[in-house]
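Just below is one structure, and these are the notes that go with it.
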Number of protein chains: 2
Amino acid sequence: MSTALTQNSVPTTASWQERVRDKQQRILSDVPPQFVHPELRFSDTDARDVLDLPTFSNDNPARVVHVPEKYLSSDELAITALKAEEIPPAIAAGTWTAVQVLDASTHRAAIAHQLLHCCLSFVYPQSRAQAEKLDADFARTKSLVGPLHGVPLSVKNQCRIKGTETTCGYVTHLGERDAEDCLLVDIPERAGAVPFCKTTSSVGCMWGESINNIIGRASNPHNRVFTCDGSSGGEGALIGFGGSPLGVGSDLGGSIRTPSAYNGLHGLRPSSSRIPYFNVLNSMEGQEIIPSVVGPMARSTKSLQLFVKAVVDSQPWKWDPKCPPIPWREDFAADIRNRPLRVAFLHYDNYVLPQPPIRRALRQLEALLRKEGHDVVPMFDKELDQKRADQFGSDVCTADADEDVQHSRDLSGEPKLPLLPPKGPGALPPQPMTLRESWAFAMDRMNYQAGVLWAWDNTASQTKSGEPIDAYITAVNPSVAHIHGEFGRVRYKGYCATANVLDFSACTLPVGKVDIAANPPDLTLTTDANGNDIPAPQCDRDRWIRENYARNHKEYDGMPLVLQIVAKRWEEEKVLAISEVVDGLVAKADGL
Amino acid sequence: MSTALTQNSVPTTASWQERVRDKQQRILSDVPPQFVHPELRFSDTDARDVLDLPTFSNDNPARVVHVPEKYLSSDELAITALKAEEIPPAIAAGTWTAVQVLDASTHRAAIAHQLLHCCLSFVYPQSRAQAEKLDADFARTKSLVGPLHGVPLSVKNQCRIKGTETTCGYVTHLGERDAEDCLLVDIPERAGAVPFCKTTSSVGCMWGESINNIIGRASNPHNRVFTCDGSSGGEGALIGFGGSPLGVGSDLGGSIRTPSAYNGLHGLRPSSSRIPYFNVLNSMEGQEIIPSVVGPMARSTKSLQLFVKAVVDSQPWKWDPKCPPIPWREDFAADIRNRPLRVAFLHYDNYVLPQPPIRRALRQLEALLRKEGHDVVPMFDKELDQKRADQFGSDVCTADADEDVQHSRDLSGEPKLPLLPPKGPGALPPQPMTLRESWAFAMDRMNYQAGVLWAWDNTASQTKSGEPIDAYITAVNPSVAHIHGEFGRVRYKGYCATANVLDFSACTLPVGKVDIAANPPDLTLTTDANGNDIPAPQCDRDRWIRENYARNHKEYDGMPLVLQIVAKRWEEEKVLAISEVVDGLVAKADGL
């Protein structure tokens, strides 16, 4: 089989519209034709859950029959139900081959794309050749090439794969082919992973909905009226749908964690450069005060551990100048597993109140941890000051007054999407920061970080063991999810951006699904459904987030309910071990 | 004894001249009067070596009698001859008390200041109380409080000590008293060190000579016609003179290593934030692309190891948000001691040729290492591209077109010193970089770093063991030293700044003294003293550096000869272990 990918058929000098039309026609062109089902249609208004591959009838849209077998064989369904960590052992046991695993994932990913518009490129000819080579190697040596042997890997379209287009959501990069793999593709590949598709994002990876001029919006597989969020929303939708067992996203203000939350996934925002960013395309490249980071998204904590350990074990600091030489420290994880956790809960950050199901889940998880003998101490919410962190995050995203993003748009002539409200929080400043203003900003941010570190250290006085807390647990976002186009109104990033500003390790923790019967809307803005007082809204975004839950109450039914665990900087082993422990408790309790 | 320090007697609203006059009168006012010898006079033109405390006769300036006993008792001479690592064991053995050690150092430091103008503050009342407490603790417990028990510590006047003035070389900070210690004072103190004085620097720590409007120039104890260099020149002169066993400097483009070289010391430029910078004052604060770092200067490799290990063992990442959680890795050092070193030599960077004694020392050291069975492989001088690194270093120092430094000068009205030539390399740009230009700069720098890392990794193909080199060895500067006022002409920073741009671990290695009989000037610009071809000058600075050695040949006699060892990022244990090994070889060979 040739490994050549379909090339663009219009030149890069064509109009942006022509380039986009060409691209849209090419997205599935490298996928075997039997994996493409023209009757499957994208929607961003259809509220039905597409997770179980409903059979649609265009004649009778109300009729929904979940018959996944119509599209996927029982083998394909079994394979795509595997978590990443289950794949290498299954190949080692001879249950499946790498080619079977790749084909099943590619098929399901192609379906995901048809329903959700979550992909921008498939690299099937290349990935098929890689899978064949893995199978040949295994047949010869009877051993796996590495810890990710045969695991299909999807990557956000910032990651360069030789021969493919890496757009970062910009039309200008259509037709430009990567000269080489980025480290974050090369390293997993050497560990046996099979990069097989590239997923969509917001324009320039700068917006909390995956919308761009190349493919438009991507939808949420749990309910297509909701966005899969952004900027790593393509990964969120694809993995959430089961089209990939493991993906790579990036996170500057929650862009891994929010799509993970909205799509019911485990996602890790590592500390900066624990995972190598080198040669990954981005907007605002060189902005290093609050850097974007790359990290994994998957369907289990173990999948995240598998990926991060494989990458760190490769010693990326040999090639990426930003990576600190911190090896994978299994003792951090062992310590966590062998004693009571020390945690604090941030139920509310004194600025924006999470929606009722999130508040309830946090209360229930806190009770569960206490009941199981873990040490829960008060949260230092004052020093954490998420409102301030939200402002830092917003300021860094608008530091250049959109010049860099506009420059990239100008290169192709693509229009600006009407996303950001011209006024209010997060609105563009009239001028870029000067260099000295950016230095003052960096100092403010460092002093903020130090204040939190010192408050964290002081929690030692509250715990039973006299040691500081391991982590705090909170919402990922105040919203369970939001409907397409709503991000401009609800984009309070405090719960996520705090970890970015602090450069802390943070992961998402799915704890169940929203049951609207158990989670009615608040009665008023100051009284919850049980008649208990709740804090009055502190800002418009807070009010809108509350109103959204009340107004669209029925839509939320069955949406994923996901919390966040935050540990200190460069403590990825620790935060994932905590996730493992809490996962286990939640499973034992049969959900919250 | 009261621990109160002498306060400023003119308000901070006074003219800069009045504030400076007041400060100059106060510098020695906290030192016991018997440690001050009014007959000792500063000079920046006297070529005699003051290391052994010459007795000066103002009536007969030609008469020099080295009678250190005139000023220091035999106990004081014995104590001030101790290296830092020898002090805690001597106190543990009961040979000396912490008070005796402090007093001897303070006395010798006060003499150093009178001869060299190297200090800006003494904190004797406080440090005496600390030393007394250490002695009382030891008398009670019979154990040392920590690895630095009783070691007097001098710090560059960027380091905050509660109650003192931290000027960073600016008049505006005179009279401002620090509210608290910086981490880099607090941590050694908790390990038993006794911070006892603060040393001078260039204005804003931005120039390779220690000159400012507070005290003027500081001189080199080996020969006062030479500068002690900068910006950590006060430390260099003080430790070089024996007035302190251990000091802390900072390094943005060689500011630890060049003063270490010019004053015959061991100095370490650690990778950024291996040693905590938090709450240390600086110019251009918040500039994080190529950050300034702090590190130790001393009279032995072991002193540097003692200090860095003590600081790293305190886990500074608990409080300084920039510090990576990399523990002290003794196994890195053990590995180095137990096998042949793998090194490359950079004799010449294809841009500026080191002066003859440095070239000879590098050749001799290479021959010695080969003879002793170490593995010496070719240097990747092309990828290292020091000319480019020098430009990066220069660009970062002028990024804001001097706005920040000028702002600090304006606060007091102090005049700009006429240092920087208006044209040529390093001259100020007309405008600060824009934010986006600074981002492009950060990307260029990262790509440069990556190119070097990859070249470094490729040295594996050249070594006997198939592993990459441990380090490369080169000049600290092309000049052995330079005369006061010459920095503007000779300031090629390529040999030093490369480690800053790469954020590599680099230390200085004294290998002897210049013997001008063995190191005659080159015959011509293209022929050395032996008639061998040398590369023609590539730029004015190269020519001036060569001419300096020829013109001032006699002055260089007896000046320290110091080389540089450079290991990769965050490999402080390794670079110091290499220094230890090479130190031993040089000592065994009785000098180069």
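Scheme for the structure tokens: letters A, B, ... for chains in order shown; per-chain residue numbers from 1; ligand numbers from 1 in order shown.
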
Subject >> Test item: residues at most 10 Å from range 569-571 of chain A, only C-alpha atoms, excluding those fewer than 5 positions along its chain, as a ChimeraX atom specification >> reply: /A:270-274,324,326,328-329,332-333,453,470-471,499-500,502-506,576-577 /B:317-318,321-325

**OP:** Give me, as an NGL selection string, the contact residues of chain A against chain B at a cut-off of 10 Å, counting only C-alpha atoms.
**Re:** :A and (278-279 or 284-289 or 317-327 or 399-400 or 403-404 or 432-457 or 502-503 or 568-571)

Subject >> Neighbour list for Arg337 in chain A as a count of residues only, cut-off 12 Å, only C-alpha atoms, skip fewer than 4 positions in-chain >> reply: 19

Original post:
Do you know which residues are at most 10 Å from Ala109 in chain A counting only C-alpha atoms, after dropping those on the same chain fewer than 3 positions away, and could you put them as a list in words?
Top reply: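 The contact residues come out as Val31, Phe35, Val36, Thr80, Asp103, Ala104, Ser105, Thr106, Ala112, His113, Gln114, Leu115, Leu116, Cys118, Cys119, Phe122, Ser154, Phe196, Cys197, Ala237, Leu238, Ile239, Phe241, Gly242, Gly243 and Ser244 of chain A.
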
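Going from CA of Pro259 in chain B to CA of Glu414 in chain B covers 25.4 Å.
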
**OP:** Rounded to one decimal place, report the CA of Lys309 in chain A-CA of Ala81 in chain A distance in Å.
**Re:** 22.6 Å

Subject >> Residue neighbourhood Ala481 in chain B, 12 Å, only C-alpha atoms, exclusion window fewer than 4 positions, as a ChimeraX atom specification >> reply: /B:208-209,219-220,222-230,258-264,354-355,357-358,475-477,485-487,490-491,513-514,545-546,548-549,552-553,555-562

Original post:
Mind checking DSSP for range 160-371 of chain B and telling me the helix (DSSP H, G or I) residues as a PyMOL selection string?
Top reply: chain B and resi 171-173+183-190+203-205+233-241+257-262+301-313+316-318+330-337+356-371

**OP:** Using only C-alpha atoms, determine which residues lie at most 9 Å from His37 in chain A, disregarding the query and same-chain residues fewer than 4 positions distant; provide the list as an NGL selection string.
**Re:** :A and (33 or 41 or 71 or 110-111 or 114)

Original post:
So how far away is CA of Thr498 in chain B from CA of Met297 in chain B, in Å?
Top reply: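 Taking CA of Met297 in chain B as the start and CA of Thr498 in chain B as the end point, the length is 19.5 Å.
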
**OP:** Identify, on the basis of only C-alpha atoms, every residue whose closest approach to Tyr348 in chain A does not exceed 10 Å; exclude the query and any residue fewer than 4 positions from it along the same chain; express the result as a PyMOL selection string.
**Re:** chain A and resi 352-354+359+362+381+386+474-475+478+495+535

Deliver the residues from the most recent selection as a file, using N, CA, C and O atoms, as an mmCIF file, in the first residue's frame.
```
data_model
loop_
_atom_site.group_PDB
_atom_site.id
_atom_site.type_symbol
_atom_site.label_atom_id
_atom_site.label_comp_id
_atom_site.auth_asym_id
_atom_site.auth_seq_id
_atom_site.Cartn_x
_atom_site.Cartn_y
_atom_site.Cartn_z
ATOM 1 N N VAL A 352 -17.810 32.841 41.051
ATOM 2 C CA VAL A 352 -18.787 32.231 40.135
ATOM 3 C C VAL A 352 -19.170 30.849 40.695
ATOM 4 O O VAL A 352 -18.294 30.015 40.937
ATOM 5 N N LEU A 353 -20.476 30.659 40.862
ATOM 6 C CA LEU A 353 -20.974 29.438 41.503
ATOM 7 C C LEU A 353 -21.159 28.323 40.467
ATOM 8 O O LEU A 353 -21.798 28.546 39.438
ATOM 9 N N PRO A 354 -20.620 27.142 40.717
ATOM 10 C CA PRO A 354 -20.874 26.028 39.787
ATOM 11 C C PRO A 354 -22.362 25.661 39.733
ATOM 12 O O PRO A 354 -23.114 25.885 40.691
ATOM 13 N N ARG A 359 -22.082 21.201 42.127
ATOM 14 C CA ARG A 359 -22.041 21.469 43.581
ATOM 15 C C ARG A 359 -22.382 20.196 44.361
ATOM 16 O O ARG A 359 -21.737 19.866 45.353
ATOM 17 N N LEU A 362 -19.522 17.630 44.220
ATOM 18 C CA LEU A 362 -18.414 18.002 45.110
ATOM 19 C C LEU A 362 -18.760 17.675 46.566
ATOM 20 O O LEU A 362 -17.934 17.136 47.303
ATOM 21 N N ASP A 381 -9.063 29.401 49.915
ATOM 22 C CA ASP A 381 -9.685 30.027 48.742
ATOM 23 C C ASP A 381 -9.299 31.498 48.588
ATOM 24 O O ASP A 381 -9.281 32.024 47.485
ATOM 25 N N GLN A 386 -9.304 32.855 42.580
ATOM 26 C CA GLN A 386 -9.499 32.460 41.184
ATOM 27 C C GLN A 386 -9.937 33.613 40.290
ATOM 28 O O GLN A 386 -9.689 33.592 39.092
ATOM 29 N N THR A 474 -12.027 20.391 42.887
ATOM 30 C CA THR A 474 -12.961 21.469 42.577
ATOM 31 C C THR A 474 -13.685 21.170 41.268
ATOM 32 O O THR A 474 -13.568 20.068 40.714
ATOM 33 N N ALA A 475 -14.437 22.133 40.794
ATOM 34 C CA ALA A 475 -15.089 22.025 39.487
ATOM 35 C C ALA A 475 -14.043 22.170 38.389
ATOM 36 O O ALA A 475 -12.975 22.745 38.609
ATOM 37 N N PRO A 478 -17.616 26.151 35.949
ATOM 38 C CA PRO A 478 -18.901 26.293 36.637
ATOM 39 C C PRO A 478 -20.050 25.658 35.844
ATOM 40 O O PRO A 478 -21.050 25.273 36.425
ATOM 41 N N TYR A 495 -11.875 28.440 37.361
ATOM 42 C CA TYR A 495 -11.642 27.096 37.902
ATOM 43 C C TYR A 495 -10.541 26.354 37.146
ATOM 44 O O TYR A 495 -9.819 25.554 37.717
ATOM 45 N N PRO A 535 -24.965 31.737 47.492
ATOM 46 C CA PRO A 535 -24.430 33.099 47.331
ATOM 47 C C PRO A 535 -25.063 33.802 46.131
ATOM 48 O O PRO A 535 -25.315 33.168 45.094
#
```
